[in-house]
$ cat run.cif   # mmCIF, N, CA and C atoms
data_work
#
loop_
_atom_site.label_atom_id
_atom_site.label_comp_id
_atom_site.auth_asym_id
_atom_site.auth_seq_id
_atom_site.Cartn_x
_atom_site.Cartn_y
_atom_site.Cartn_z
N MET O 1 91.68 102.92 86.35
CA MET O 1 91.57 104.33 86.01
C MET O 1 90.18 104.64 85.45
N MET O 2 89.64 103.68 84.66
CA MET O 2 88.31 103.90 84.10
C MET O 2 87.25 103.98 85.19
N ARG O 3 87.43 103.20 86.28
CA ARG O 3 86.46 103.24 87.38
C ARG O 3 86.44 104.62 88.02
N LEU O 4 87.60 105.22 88.17
CA LEU O 4 87.69 106.56 88.77
C LEU O 4 86.97 107.58 87.89
N ILE O 5 87.26 107.54 86.59
CA ILE O 5 86.62 108.48 85.66
C ILE O 5 85.12 108.26 85.64
N SER O 6 84.69 107.00 85.62
CA SER O 6 83.27 106.67 85.63
C SER O 6 82.60 107.21 86.88
N THR O 7 83.24 107.04 88.02
CA THR O 7 82.68 107.53 89.27
C THR O 7 82.58 109.05 89.27
N LEU O 8 83.60 109.73 88.77
CA LEU O 8 83.58 111.19 88.71
C LEU O 8 82.48 111.69 87.79
N VAL O 9 82.27 111.01 86.67
CA VAL O 9 81.19 111.40 85.75
C VAL O 9 79.84 111.20 86.41
N LYS O 10 79.66 110.08 87.12
CA LYS O 10 78.39 109.83 87.82
C LYS O 10 78.13 110.90 88.87
N ILE O 11 79.15 111.28 89.62
CA ILE O 11 78.99 112.33 90.63
C ILE O 11 78.63 113.66 89.96
N ALA O 12 79.27 113.96 88.84
CA ALA O 12 78.98 115.21 88.14
C ALA O 12 77.54 115.23 87.63
N ILE O 13 77.06 114.12 87.08
CA ILE O 13 75.69 114.05 86.57
C ILE O 13 74.70 114.16 87.72
N ALA O 14 74.95 113.45 88.82
CA ALA O 14 74.05 113.52 89.98
C ALA O 14 74.02 114.94 90.54
N SER O 15 75.16 115.61 90.58
CA SER O 15 75.22 116.99 91.08
C SER O 15 74.47 117.93 90.16
N LEU O 16 74.60 117.73 88.86
CA LEU O 16 73.88 118.56 87.90
C LEU O 16 72.37 118.41 88.04
N ILE O 17 71.90 117.19 88.16
CA ILE O 17 70.46 116.94 88.32
C ILE O 17 69.96 117.54 89.63
N THR O 18 70.70 117.31 90.71
CA THR O 18 70.31 117.85 92.01
C THR O 18 70.29 119.38 91.98
N GLY O 19 71.29 119.98 91.37
CA GLY O 19 71.35 121.43 91.25
C GLY O 19 70.18 121.98 90.44
N ALA O 20 69.80 121.28 89.37
CA ALA O 20 68.66 121.72 88.56
C ALA O 20 67.36 121.66 89.36
N VAL O 21 67.19 120.59 90.15
CA VAL O 21 65.99 120.45 90.97
C VAL O 21 65.95 121.55 92.03
N LEU O 22 67.06 121.79 92.70
CA LEU O 22 67.11 122.84 93.72
C LEU O 22 66.87 124.21 93.10
N SER O 23 67.41 124.43 91.92
CA SER O 23 67.20 125.70 91.23
C SER O 23 65.73 125.88 90.86
N ALA O 24 65.07 124.81 90.46
CA ALA O 24 63.64 124.88 90.14
C ALA O 24 62.82 125.21 91.39
N MET O 25 63.34 124.88 92.56
CA MET O 25 62.66 125.20 93.82
C MET O 25 63.11 126.54 94.37
N ASN O 26 63.80 127.33 93.53
CA ASN O 26 64.29 128.67 93.87
C ASN O 26 65.26 128.68 95.05
N LEU O 27 66.09 127.67 95.14
CA LEU O 27 67.15 127.63 96.14
C LEU O 27 68.47 127.94 95.45
N THR O 28 69.29 128.74 96.11
CA THR O 28 70.61 129.04 95.57
C THR O 28 71.66 128.55 96.56
N ALA O 29 72.88 128.51 96.10
CA ALA O 29 73.98 128.10 96.98
C ALA O 29 74.11 129.08 98.14
N ARG O 30 73.89 130.36 97.87
CA ARG O 30 73.97 131.38 98.92
C ARG O 30 72.90 131.14 99.99
N ASP O 31 71.69 130.73 99.57
CA ASP O 31 70.62 130.43 100.52
C ASP O 31 70.99 129.24 101.41
N VAL O 32 71.52 128.20 100.80
CA VAL O 32 71.91 127.01 101.57
C VAL O 32 73.01 127.35 102.56
N LEU O 33 73.99 128.11 102.11
CA LEU O 33 75.07 128.53 103.02
C LEU O 33 74.54 129.40 104.15
N ALA O 34 73.60 130.28 103.84
CA ALA O 34 73.03 131.15 104.87
C ALA O 34 72.29 130.33 105.92
N ASN O 35 71.59 129.28 105.48
CA ASN O 35 70.90 128.41 106.44
C ASN O 35 71.88 127.66 107.34
N LEU O 36 73.08 127.46 106.85
CA LEU O 36 74.11 126.78 107.64
C LEU O 36 74.94 127.77 108.47
N GLY O 37 74.63 129.06 108.34
CA GLY O 37 75.36 130.08 109.09
C GLY O 37 76.70 130.41 108.47
N MET O 38 76.82 130.21 107.18
CA MET O 38 78.08 130.46 106.47
C MET O 38 77.86 131.53 105.41
N THR O 39 78.95 132.15 105.01
CA THR O 39 78.94 133.03 103.85
C THR O 39 79.95 132.47 102.85
N PRO O 40 79.82 132.84 101.58
CA PRO O 40 80.82 132.36 100.61
C PRO O 40 82.24 132.77 101.00
N GLU O 41 82.39 133.96 101.57
CA GLU O 41 83.72 134.41 101.97
C GLU O 41 84.28 133.56 103.12
N LYS O 42 83.42 133.24 104.09
CA LYS O 42 83.85 132.41 105.22
C LYS O 42 84.20 131.00 104.75
N LEU O 43 83.41 130.46 103.83
CA LEU O 43 83.69 129.14 103.27
C LEU O 43 85.03 129.14 102.54
N TYR O 44 85.28 130.20 101.75
CA TYR O 44 86.55 130.32 101.04
C TYR O 44 87.72 130.38 102.03
N THR O 45 87.55 131.16 103.09
CA THR O 45 88.60 131.27 104.11
C THR O 45 88.89 129.91 104.74
N LEU O 46 87.83 129.15 105.05
CA LEU O 46 88.03 127.81 105.62
C LEU O 46 88.74 126.88 104.65
N LEU O 47 88.38 126.97 103.37
CA LEU O 47 89.05 126.13 102.36
C LEU O 47 90.53 126.49 102.23
N VAL O 48 90.83 127.78 102.25
CA VAL O 48 92.23 128.22 102.15
C VAL O 48 93.02 127.74 103.37
N LYS O 49 92.44 127.89 104.57
CA LYS O 49 93.14 127.43 105.78
C LYS O 49 93.35 125.93 105.74
N GLY O 50 92.35 125.20 105.24
CA GLY O 50 92.50 123.75 105.13
C GLY O 50 93.62 123.36 104.18
N MET O 51 93.71 124.06 103.05
CA MET O 51 94.77 123.77 102.08
C MET O 51 96.14 124.16 102.64
N GLU O 52 96.19 125.28 103.37
CA GLU O 52 97.46 125.68 103.98
C GLU O 52 97.95 124.65 104.98
N TRP O 53 97.02 123.94 105.63
CA TRP O 53 97.40 122.89 106.57
C TRP O 53 97.74 121.60 105.82
N ALA O 54 96.93 121.24 104.83
CA ALA O 54 97.06 119.94 104.18
C ALA O 54 98.27 119.84 103.25
N LEU O 55 98.53 120.85 102.44
CA LEU O 55 99.59 120.74 101.45
C LEU O 55 100.97 120.46 102.05
N PRO O 56 101.40 121.16 103.10
CA PRO O 56 102.71 120.82 103.67
C PRO O 56 102.75 119.39 104.23
N ASN O 57 101.63 118.93 104.81
CA ASN O 57 101.61 117.57 105.34
C ASN O 57 101.62 116.53 104.23
N ILE O 58 100.95 116.81 103.12
CA ILE O 58 100.98 115.90 101.97
C ILE O 58 102.40 115.82 101.42
N LEU O 59 103.05 116.96 101.29
CA LEU O 59 104.43 116.99 100.78
C LEU O 59 105.37 116.24 101.72
N LEU O 60 105.24 116.46 103.01
CA LEU O 60 106.08 115.77 103.99
C LEU O 60 105.87 114.27 103.94
N GLY O 61 104.62 113.85 103.88
CA GLY O 61 104.32 112.42 103.80
C GLY O 61 104.84 111.80 102.52
N SER O 62 104.80 112.55 101.43
CA SER O 62 105.27 112.00 100.16
C SER O 62 106.78 111.75 100.17
N PHE O 63 107.53 112.48 101.02
CA PHE O 63 108.97 112.23 101.12
C PHE O 63 109.25 110.83 101.66
N VAL O 64 108.32 110.26 102.39
CA VAL O 64 108.47 108.92 102.93
C VAL O 64 107.81 107.90 102.01
N ILE O 65 106.57 108.17 101.59
CA ILE O 65 105.77 107.20 100.86
C ILE O 65 106.30 106.94 99.45
N VAL O 66 106.68 107.97 98.71
CA VAL O 66 107.11 107.79 97.33
C VAL O 66 108.37 106.92 97.22
N PRO O 67 109.41 107.13 98.01
CA PRO O 67 110.57 106.22 97.90
C PRO O 67 110.23 104.78 98.27
N ILE O 68 109.38 104.58 99.28
CA ILE O 68 108.98 103.22 99.65
C ILE O 68 108.22 102.58 98.50
N TRP O 69 107.27 103.30 97.91
CA TRP O 69 106.50 102.78 96.78
C TRP O 69 107.42 102.45 95.62
N LEU O 70 108.38 103.33 95.34
CA LEU O 70 109.31 103.10 94.23
C LEU O 70 110.14 101.84 94.46
N MET O 71 110.62 101.64 95.68
CA MET O 71 111.40 100.44 95.99
C MET O 71 110.54 99.18 95.84
N VAL O 72 109.32 99.22 96.31
CA VAL O 72 108.43 98.07 96.18
C VAL O 72 108.19 97.76 94.71
N MET O 73 107.97 98.78 93.91
CA MET O 73 107.71 98.57 92.48
C MET O 73 108.95 98.01 91.77
N LEU O 74 110.13 98.47 92.16
CA LEU O 74 111.35 98.01 91.51
C LEU O 74 111.72 96.59 91.93
N LEU O 75 111.40 96.22 93.16
CA LEU O 75 111.80 94.91 93.67
C LEU O 75 110.73 93.83 93.49
N ARG O 76 109.57 94.20 92.99
CA ARG O 76 108.51 93.22 92.77
C ARG O 76 108.89 92.31 91.61
N PRO O 77 108.58 91.01 91.74
CA PRO O 77 108.88 90.11 90.62
C PRO O 77 108.07 90.48 89.38
N PRO O 78 108.63 90.23 88.20
CA PRO O 78 107.93 90.60 86.98
C PRO O 78 106.62 89.80 86.82
N ARG O 79 105.66 90.45 86.23
CA ARG O 79 104.38 89.79 85.97
C ARG O 79 104.46 89.04 84.64
N GLY O 80 103.62 88.04 84.57
CA GLY O 80 103.52 87.48 83.25
C GLY O 80 103.74 86.06 83.11
#

$ encode --input "run.cif" --output "C-alpha coordinates"
Amino acid sequence: MMRLISTLVKIAIASLITGAVLSAMNLTARDVLANLGMTPEKLYTLLVKGMEWALPNILLGSFVIVPIWLMVMLLRPPRG
(Lines of atoms letter the chains of each structure in order from A and count residues from 1; the text may use other names and numbers.)
(Lines give C-alpha, C1' and ligand atoms only; values in the text may rest on other atoms or scores of the structure.)
Protein backbone atom coordinates (compact mmCIF):
# COMPACT_ATOMS: atom_id res chain seq x y z
CA MET A 1 0.00 0.00 0.00
CA MET A 2 2.89 2.35 0.77
CA ARG A 3 4.30 1.78 -2.73
CA LEU A 4 1.02 2.90 -4.26
CA ILE A 5 0.86 6.05 -2.12
CA SER A 6 4.53 6.77 -2.84
CA THR A 7 3.96 6.41 -6.57
CA LEU A 8 0.91 8.69 -6.48
CA VAL A 9 2.86 11.35 -4.56
CA LYS A 10 5.72 11.14 -7.09
CA ILE A 11 3.28 11.54 -9.98
CA ALA A 12 1.63 14.51 -8.25
CA ILE A 13 5.00 16.23 -7.66
CA ALA A 14 6.16 15.59 -11.24
CA SER A 15 2.85 16.95 -12.56
CA LEU A 16 3.13 20.04 -10.36
CA ILE A 17 6.67 20.78 -11.56
CA THR A 18 5.74 20.17 -15.20
CA GLY A 19 2.67 22.38 -14.86
CA ALA A 20 4.75 25.18 -13.32
CA VAL A 21 7.28 24.99 -16.18
CA LEU A 22 4.54 25.02 -18.82
CA SER A 23 2.83 27.91 -17.05
CA ALA A 24 6.11 29.85 -17.05
CA MET A 25 6.19 29.33 -20.84
CA ASN A 26 2.65 30.81 -21.03
CA LEU A 27 1.00 27.53 -21.98
CA THR A 28 -2.41 26.67 -20.60
CA ALA A 29 -4.41 23.47 -20.61
CA ARG A 30 -6.83 25.10 -23.05
CA ASP A 31 -3.92 25.85 -25.45
CA VAL A 32 -2.69 22.25 -25.31
CA LEU A 33 -6.19 20.91 -25.91
CA ALA A 34 -6.68 23.33 -28.81
CA ASN A 35 -3.46 22.08 -30.42
CA LEU A 36 -4.86 18.55 -30.15
CA GLY A 37 -8.15 19.63 -31.73
CA MET A 38 -10.09 19.24 -28.50
CA THR A 39 -12.15 21.51 -26.30
CA PRO A 40 -12.69 21.09 -22.56
CA GLU A 41 -16.35 20.32 -23.27
CA LYS A 42 -15.47 17.63 -25.83
CA LEU A 43 -12.93 16.10 -23.44
CA TYR A 44 -15.56 16.05 -20.67
CA THR A 45 -18.05 14.38 -23.02
CA LEU A 46 -15.48 11.70 -23.92
CA LEU A 47 -14.72 11.08 -20.24
CA VAL A 48 -18.43 10.74 -19.41
CA LYS A 49 -18.98 8.32 -22.31
CA GLY A 50 -15.96 6.31 -21.19
CA MET A 51 -17.28 6.08 -17.64
CA GLU A 52 -20.76 5.14 -18.89
CA TRP A 53 -19.14 2.24 -20.75
CA ALA A 54 -16.62 1.21 -18.06
CA LEU A 55 -18.70 1.27 -14.87
CA PRO A 56 -21.28 -1.36 -15.92
CA ASN A 57 -18.49 -3.63 -17.18
CA ILE A 58 -16.51 -3.21 -13.93
CA LEU A 59 -19.63 -4.06 -11.93
CA LEU A 60 -20.40 -7.09 -14.10
CA GLY A 61 -16.83 -8.36 -13.85
CA SER A 62 -16.82 -7.90 -10.08
CA PHE A 63 -19.79 -10.30 -9.80
CA VAL A 64 -17.40 -13.02 -10.99
CA ILE A 65 -14.04 -11.87 -9.62
CA VAL A 66 -15.00 -10.96 -6.04
CA PRO A 67 -16.54 -14.36 -5.12
CA ILE A 68 -13.56 -16.19 -6.66
CA TRP A 69 -11.12 -13.97 -4.74
CA LEU A 70 -13.10 -14.49 -1.53
CA MET A 71 -13.04 -18.29 -1.93
CA VAL A 72 -9.29 -18.27 -2.62
CA MET A 73 -8.67 -16.13 0.46
CA LEU A 74 -10.85 -18.35 2.67
CA LEU A 75 -9.35 -21.62 1.43
CA ARG A 76 -5.70 -20.53 1.52
CA PRO A 77 -3.63 -22.18 4.23
CA PRO A 78 -2.84 -19.93 7.19
CA ARG A 79 0.42 -18.02 7.12
CA GLY A 80 2.92 -18.16 9.80

$ atom_distance --input "run.cif" --atom1 "atom N of Ala14 (chain O)" --atom2 "CA of Ile58 (chain O)"
29.3 Å

$ closest_atom_pairs --input "run.cif" --of "region 39-58 of chain O" --to "region 62-67 of chain O" --cutoff "12 Å" --atoms "only C-alpha atoms" --output "Markdown table"
| residue | atom | partner | partner_atom | distance |
| --- | --- | --- | --- | --- |
| O:Leu55 | CA | O:Ser62 | CA | 10.5 |
| O:Pro56 | CA | O:Ser62 | CA | 9.8 |
| O:Asn57 | CA | O:Ser62 | CA | 8.4 |
| O:Ile58 | CA | O:Ser62 | CA | 6.1 |

$ atom_distance --input "run.cif" --atom1 "CA of Ala20 (chain O)" --atom2 "CA of Val32 (chain O)"
14.4 Å

$ select_by_dssp --input "run.cif" --residues "chain O" --states "helix (DSSP H, G or I)" --output "PyMOL selection string"
chain O and resi 2-24+29-35+40-75
